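*Asks:* Just model.pdb, nothing more (PDB, C-alpha atoms):
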ATOM      1  CA  MET A   1      10.976  -5.027  -6.470
ATOM      2  CA  GLU A   2      12.365  -1.787  -5.130
ATOM      3  CA  GLN A   3       9.785   0.585  -3.714
ATOM      4  CA  ARG A   4      10.047   4.095  -2.417
ATOM      5  CA  PHE A   5       6.559   5.115  -1.344
ATOM      6  CA  SER A   6       7.582   5.329   2.254
ATOM      7  CA  ASN A   7       9.813   7.865   3.916
ATOM      8  CA  ASN A   8      12.903   5.819   4.695
ATOM      9  CA  SER A   9      13.684   8.000   7.717
ATOM     10  CA  LEU A  10      10.809   6.375   9.624
ATOM     11  CA  ASP A  11      12.395   3.789  11.933
ATOM     12  CA  LEU A  12       9.947   0.948  12.430
ATOM     13  CA  GLU A  13      12.452  -1.654  13.594
ATOM     14  CA  THR A  14      10.752  -1.887  17.015
ATOM     15  CA  LEU A  15       7.441  -2.656  15.335
ATOM     16  CA  ARG A  16       9.036  -5.164  12.942
ATOM     17  CA  GLU A  17      10.680  -6.953  15.866
ATOM     18  CA  PHE A  18       7.367  -7.040  17.741
ATOM     19  CA  CYS A  19       5.647  -8.621  14.722
ATOM     20  CA  LYS A  20       8.416 -11.199  14.351
ATOM     21  CA  ARG A  21       8.255 -12.052  18.061
ATOM     22  CA  GLU A  22       4.467 -12.071  18.569
ATOM     23  CA  GLY A  23       3.018 -12.496  15.081
ATOM     24  CA  GLU A  24       1.763 -15.348  13.003
ATOM     25  CA  ALA A  25       3.508 -16.192   9.711
ATOM     26  CA  VAL A  26       0.968 -16.510   6.900
ATOM     27  CA  ILE A  27       1.284 -17.225   3.174
ATOM     28  CA  TYR A  28      -1.133 -15.567   0.730
ATOM     29  CA  ARG A  29      -1.597 -16.796  -2.824
ATOM     30  CA  LYS A  30      -2.044 -14.292  -5.625
ATOM     31  CA  GLY A  31      -5.575 -12.897  -5.266
ATOM     32  CA  ASP A  32      -6.011 -13.844  -1.594
ATOM     33  CA  GLN A  33      -7.426 -11.107   0.636
ATOM     34  CA  LEU A  34      -5.768  -9.857   3.809
ATOM     35  CA  GLU A  35      -8.760  -7.584   4.499
ATOM     36  CA  ARG A  36     -12.138  -7.161   2.813
ATOM     37  CA  GLU A  37     -13.777  -3.783   2.323
ATOM     38  CA  GLY A  38     -16.679  -3.373   4.753
ATOM     39  CA  ASP A  39     -15.548  -6.115   7.154
ATOM     40  CA  PRO A  40     -13.823  -5.178  10.437
ATOM     41  CA  ALA A  41     -10.114  -4.604   9.795
ATOM     42  CA  ARG A  42      -8.209  -7.288  11.698
ATOM     43  CA  TRP A  43      -4.554  -7.353  10.712
ATOM     44  CA  LEU A  44      -1.350  -5.400  10.693
ATOM     45  CA  ALA A  45       1.237  -7.396   8.791
ATOM     46  CA  PHE A  46       4.898  -7.037   7.954
ATOM     47  CA  VAL A  47       5.468  -8.145   4.345
ATOM     48  CA  THR A  48       8.472 -10.459   4.205
ATOM     49  CA  GLU A  49       7.918 -11.445   0.567
ATOM     50  CA  GLY A  50       5.601 -10.208  -2.188
ATOM     51  CA  CYS A  51       3.258  -7.233  -2.414
ATOM     52  CA  PHE A  52      -0.349  -6.164  -1.904
ATOM     53  CA  LYS A  53      -2.734  -3.710  -3.515
ATOM     54  CA  TYR A  54      -5.517  -1.766  -1.810
ATOM     55  CA  VAL A  55      -8.774  -1.866  -3.765
ATOM     56  CA  THR A  56     -11.811   0.298  -3.029
ATOM     57  CA  HIS A  57     -15.123   0.228  -4.894
ATOM     58  CA  GLY A  58     -16.737   3.377  -6.255
ATOM     59  CA  LEU A  59     -19.989   4.564  -4.707
ATOM     60  CA  SER A  60     -21.925   5.076  -7.921
ATOM     61  CA  ASP A  61     -20.154   2.875 -10.464
ATOM     62  CA  ASP A  62     -18.962  -0.008  -8.243
ATOM     63  CA  ARG A  63     -15.709  -0.060 -10.238
ATOM     64  CA  GLU A  64     -12.541  -1.159  -8.503
ATOM     65  CA  HIS A  65     -10.109   1.653  -7.705
ATOM     66  CA  ILE A  66      -6.550   0.867  -6.630
ATOM     67  CA  THR A  67      -5.540   3.368  -3.977
ATOM     68  CA  TRP A  68      -2.290   2.072  -2.497
ATOM     69  CA  PHE A  69       0.369  -0.633  -2.465
ATOM     70  CA  SER A  70       2.462  -2.332   0.221
ATOM     71  CA  PHE A  71       5.670  -4.090  -0.733
ATOM     72  CA  GLU A  72       8.270  -6.410   0.747
ATOM     73  CA  GLY A  73       9.869  -4.789   3.791
ATOM     74  CA  GLU A  74       6.791  -2.654   4.534
ATOM     75  CA  PHE A  75       3.673  -2.996   6.608
ATOM     76  CA  VAL A  76       0.297  -3.731   5.064
ATOM     77  CA  VAL A  77      -2.700  -2.443   7.027
ATOM     78  CA  ASP A  78      -5.802  -0.265   6.863
ATOM     79  CA  TYR A  79      -4.314   1.536   9.846
ATOM     80  CA  PRO A  80      -7.081   3.732  11.328
ATOM     81  CA  SER A  81      -9.748   1.071  10.755
ATOM     82  CA  TYR A  82      -7.464  -1.590  12.215
ATOM     83  CA  LEU A  83      -6.668   0.367  15.373
ATOM     84  CA  TYR A  84     -10.310   0.931  16.214
ATOM     85  CA  GLY A  85     -11.818  -2.286  14.841
ATOM     86  CA  ARG A  86     -13.842  -0.386  12.241
ATOM     87  CA  PRO A  87     -14.858  -1.701   8.825
ATOM     88  CA  SER A  88     -11.980  -1.701   6.372
ATOM     89  CA  HIS A  89     -12.042   1.019   3.717
ATOM     90  CA  SER A  90     -10.272  -1.265   1.236
ATOM     91  CA  THR A  91      -9.939  -4.836   0.170
ATOM     92  CA  ILE A  92      -6.247  -5.655   0.495
ATOM     93  CA  VAL A  93      -5.218  -8.266  -2.065
ATOM     94  CA  ALA A  94      -1.975 -10.167  -2.644
ATOM     95  CA  MET A  95      -0.638  -9.236  -6.096
ATOM     96  CA  MET A  96       1.596 -12.334  -6.170
ATOM     97  CA  PRO A  97       2.395 -15.168  -3.770
ATOM     98  CA  SER A  98       3.273 -13.294  -0.567
ATOM     99  CA  ARG A  99       4.409 -13.988   2.976
ATOM    100  CA  VAL A 100       3.600 -11.834   5.976
ATOM    101  CA  ILE A 101       3.922 -11.849   9.730
ATOM    102  CA  ARG A 102       0.639 -10.537  11.085
ATOM    103  CA  VAL A 103      -0.669  -9.400  14.454
ATOM    104  CA  THR A 104      -4.164  -8.609  15.685
ATOM    105  CA  GLY A 105      -5.486  -5.247  16.824
ATOM    106  CA  ARG A 106      -5.528  -6.469  20.411
ATOM    107  CA  GLN A 107      -1.852  -7.420  20.209
ATOM    108  CA  MET A 108      -1.012  -3.973  18.802
ATOM    109  CA  GLU A 109      -3.038  -2.235  21.512
ATOM    110  CA  GLN A 110      -1.059  -4.113  24.163
ATOM    111  CA  PHE A 111       2.194  -3.255  22.369
ATOM    112  CA  PHE A 112       1.383   0.454  22.190
ATOM    113  CA  ASP A 113       0.342   0.488  25.871
ATOM    114  CA  GLN A 114       3.752  -0.848  26.985
ATOM    115  CA  SER A 115       5.551   2.457  27.336
ATOM    116  CA  LYS A 116       5.707   6.130  26.490
ATOM    117  CA  GLU A 117       8.051   5.269  23.597
ATOM    118  CA  THR A 118       5.621   2.805  22.014
ATOM    119  CA  MET A 119       2.767   5.336  22.396
ATOM    120  CA  LYS A 120       5.000   7.873  20.652
ATOM    121  CA  LEU A 121       5.597   5.326  17.870
ATOM    122  CA  ARG A 122       1.822   5.021  17.411
ATOM    123  CA  ALA A 123       1.598   8.775  16.817
ATOM    124  CA  ILE A 124       4.613   8.762  14.489
ATOM    125  CA  ILE A 125       3.057   5.999  12.366
ATOM    126  CA  ALA A 126      -0.196   7.958  12.099
ATOM    127  CA  GLU A 127       1.668  11.120  11.110
ATOM    128  CA  HIS A 128       3.681   9.201   8.528
ATOM    129  CA  ILE A 129       0.520   7.731   6.968
ATOM    130  CA  LEU A 130      -1.080  11.177   6.913
ATOM    131  CA  ASP A 131       1.992  12.533   5.113
ATOM    132  CA  GLN A 132       1.851   9.729   2.538
ATOM    133  CA  PHE A 133      -1.833  10.339   1.850
ATOM    134  CA  GLN A 134      -1.313  14.068   1.583
ATOM    135  CA  SER A 135       1.471  13.518  -0.958
ATOM    136  CA  ARG A 136      -0.768  11.165  -2.955
ATOM    137  CA  TYR A 137      -3.637  13.673  -2.825
ATOM    138  CA  ILE A 138      -1.376  16.469  -4.063
ATOM    139  CA  ASP A 139      -0.021  14.217  -6.839
ATOM    140  CA  LEU A 140      -3.582  13.465  -8.011
ATOM    141  CA  HIS A 141      -4.512  17.139  -8.100
ATOM    142  CA  CYS A 142      -1.320  18.895  -9.183
ATOM    143  CA  THR A 143       0.404  16.621 -11.678
ATOM    144  CA  THR A 144      -0.384  15.448 -15.188
ATOM    145  CA  ALA A 145      -1.080  11.813 -15.997
ATOM    146  CA  ARG A 146       2.433  11.501 -17.480
ATOM    147  CA  GLU A 147       4.003  13.035 -14.351
ATOM    148  CA  ARG A 148       2.046  10.615 -12.117
ATOM    149  CA  TYR A 149       3.173   7.706 -14.291
ATOM    150  CA  ASP A 150       6.806   8.847 -14.082
ATOM    151  CA  LEU A 151       6.548   9.257 -10.285
ATOM    152  CA  LEU A 152       5.128   5.744  -9.953
ATOM    153  CA  MET A 153       7.961   4.305 -12.066
ATOM    154  CA  GLN A 154      10.526   6.187  -9.939
ATOM    155  CA  ARG A 155       8.961   5.036  -6.661
ATOM    156  CA  CYS A 156       8.346   1.450  -7.747
ATOM    157  CA  PRO A 157      10.602   0.565 -10.700
ATOM    158  CA  GLY A 158       9.483  -3.088 -10.929
ATOM    159  CA  ILE A 159       5.778  -2.509 -10.494
ATOM    160  CA  VAL A 160       4.908  -2.894 -14.179
ATOM    161  CA  ASP A 161       5.895  -6.559 -13.901
ATOM    162  CA  HIS A 162       3.097  -7.128 -11.367
ATOM    163  CA  LEU A 163       0.250  -4.896 -12.523
ATOM    164  CA  ASP A 164      -1.809  -4.951 -15.656
ATOM    165  CA  LEU A 165      -2.650  -1.810 -17.587
ATOM    166  CA  GLN A 166      -6.026  -1.406 -15.846
ATOM    167  CA  ASP A 167      -4.438  -1.547 -12.384
ATOM    168  CA  ILE A 168      -1.880   1.128 -13.239
ATOM    169  CA  ALA A 169      -4.596   3.297 -14.793
ATOM    170  CA  SER A 170      -6.781   2.858 -11.725
ATOM    171  CA  PHE A 171      -4.001   3.852  -9.338
ATOM    172  CA  LEU A 172      -3.124   6.913 -11.434
ATOM    173  CA  ASN A 173      -6.822   7.791 -11.837
ATOM    174  CA  VAL A 174      -6.743   7.779 -15.635
ATOM    175  CA  HIS A 175      -8.267   5.714 -18.443
ATOM    176  CA  PRO A 176      -6.230   2.681 -19.594
ATOM    177  CA  ASN A 177      -5.920   4.297 -23.051
ATOM    178  CA  THR A 178      -4.008   7.139 -21.383
ATOM    179  CA  ILE A 179      -1.448   4.668 -20.022
ATOM    180  CA  SER A 180      -1.093   3.111 -23.485
ATOM    181  CA  LYS A 181      -0.481   6.560 -24.969
ATOM    182  CA  ILE A 182       2.080   7.427 -22.269
ATOM    183  CA  ARG A 183       3.926   4.171 -22.936
ATOM    184  CA  ARG A 184       3.908   4.799 -26.688
ATOM    185  CA  ASP A 185       5.254   8.312 -26.098
ATOM    186  CA  ILE A 186       8.019   6.954 -23.862
ATOM    187  CA  THR A 187       8.945   4.331 -26.449
ATOM    188  CA  PHE A 188       8.864   6.872 -29.274
ATOM    189  CA  ASP A 189      10.882   9.426 -27.257
ATOM    190  CA  GLY A 190      13.446   6.726 -26.471
ATOM    191  CA  ARG A 191      13.891   5.904 -30.167
ATOM    192  CA  LYS A 192      14.401   9.564 -31.088
ATOM    193  CA  GLN A 193      17.414   9.972 -28.785
TER     194      GLN A 193
END
Turn this file's structure into structure tokens for me.
*Replies:*
Amino acid sequence: MEQRFSNNSLDLETLREFCKREGEAVIYRKGDQLEREGDPARWLAFVTEGCFKYVTHGLSDDREHITWFSFEGEFVVDYPSYLYGRPSHSTIVAMMPSRVIRVTGRQMEQFFDQSKETMKLRAIIAEHILDQFQSRYIDLHCTTARERYDLLMQRCPGIVDHLDLQDIASFLNVHPNTISKIRRDITFDGRKQ
């Protein structure tokens, strides 16, 4: 499944190589949790196969809200919580059978302390994540439901094969009926051409 959430100009090869060299290969079945909301975040993992969704529960309604995805070739982590051993903000769940190479916070701390270049990488990763979240925040506030749906399909063309209607609606912050209507409109528009 192709995915374009990340800025491809971010070179994380050094971090990938570190994970491959020092990490532990782990297989997750569909529905298995990498992290659980409220528990100390423990893992940074490079996804070698599969994908994960980030699920957070609402404060007043306790509904599940999907806030992010990590796909094959990317890292999956609740980064700030992981770095400082704080409780995870999200439950990170395998959306399909997935393989990762994961490292602990202590291993990452030692990696980042190795040199000025690895410390710089730590800052670059944080800035990259901030940029991604800012883009997502702007999308949620400045685009229509249809525009958010179209952006998601552009960024992750195969995602509809792995998410049900409720998951897509949750990520786009709309009601599932809205997604059904958008899909009907797309189908109808396609027939008119």
*Asks:* So which residues get picked by the PyMOL selection byres ((chain A and resi 36-48) around 10) here, written as a PyMOL selection string?
*Replies:* chain A and resi 15-17+19-20+23-27+33-35+49-52+54-57+70-93+98-108
*Asks:* Which is closest to A:His175 among A:His128, A:Asp139, A:His65, A:Glu22, if we use only C-alpha atoms?
*Replies:*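 Using only C-alpha atoms, the shortest distance to A:His175 belongs to A:His65.
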*Asks:* Would you kindly return, as a list in words, each protein, DNA or RNA residue with an atom no farther than 12 Å from any atom of stretch 141-147 of chain A, considering all atoms listed in the file and excluding same-chain residues fewer than 5 positions away?
*Replies:*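 Near stretch 141-147 of chain A, the qualifying residues are Gln134, Ser135, Arg136, Leu152, Met153, Gln154, Ile168, Ala169, Ser170, Phe171, Leu172, Asn173, Val174, His175, Pro176, Asn177, Thr178, Ile179, Ser180, Lys181, Ile182, Arg183, Arg184, Asp185 and Ile186 of chain A.
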*Asks:* Please, what distance in Å, to one decimal, runs between atom CA of A:Thr118 and atom CA of A:Thr14?
*Replies:* 8.6 Å
*Asks:* So, counting all atoms listed in the file, which residue among A:Gln166, A:Gln110, A:Thr67, A:Ser60 is closest to A:Arg122?
*Replies:* A:Gln110
*Asks:* Using atom CA of A:Lys53 and atom CA of A:Phe69 as the two end points, give the distance in Å to one decimal.
*Replies:*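 It comes out at 4.5 Å.
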*Asks:* Which distance in Å separates atom CA of A:Gln114 and atom CA of A:Phe133, to one decimal?
*Replies:* 28.1 Å
*Asks:* Return the padded bounding box of stretch 166-182 of chain A as AutoDock Vina command-line options: axis-aligned, built from all atoms listed in the file, 6 Å added on each side, with centre and edge lengths in Å to one decimal.
*Replies:*
--center_x -3.1 --center_y 3.1 --center_z -17.2 --size_x 22.3 --size_y 21.3 --size_z 27.6
*Asks:* I need the residue nearest A:Pro97 from this list: A:Asp113, A:Asp32, A:Asp164, A:Glu13. Use all atoms listed in the file for the distance.
*Replies:*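 Going through A:Asp113, A:Asp32, A:Asp164, A:Glu13 one by one, the smallest distance to A:Pro97 is for A:Asp32.
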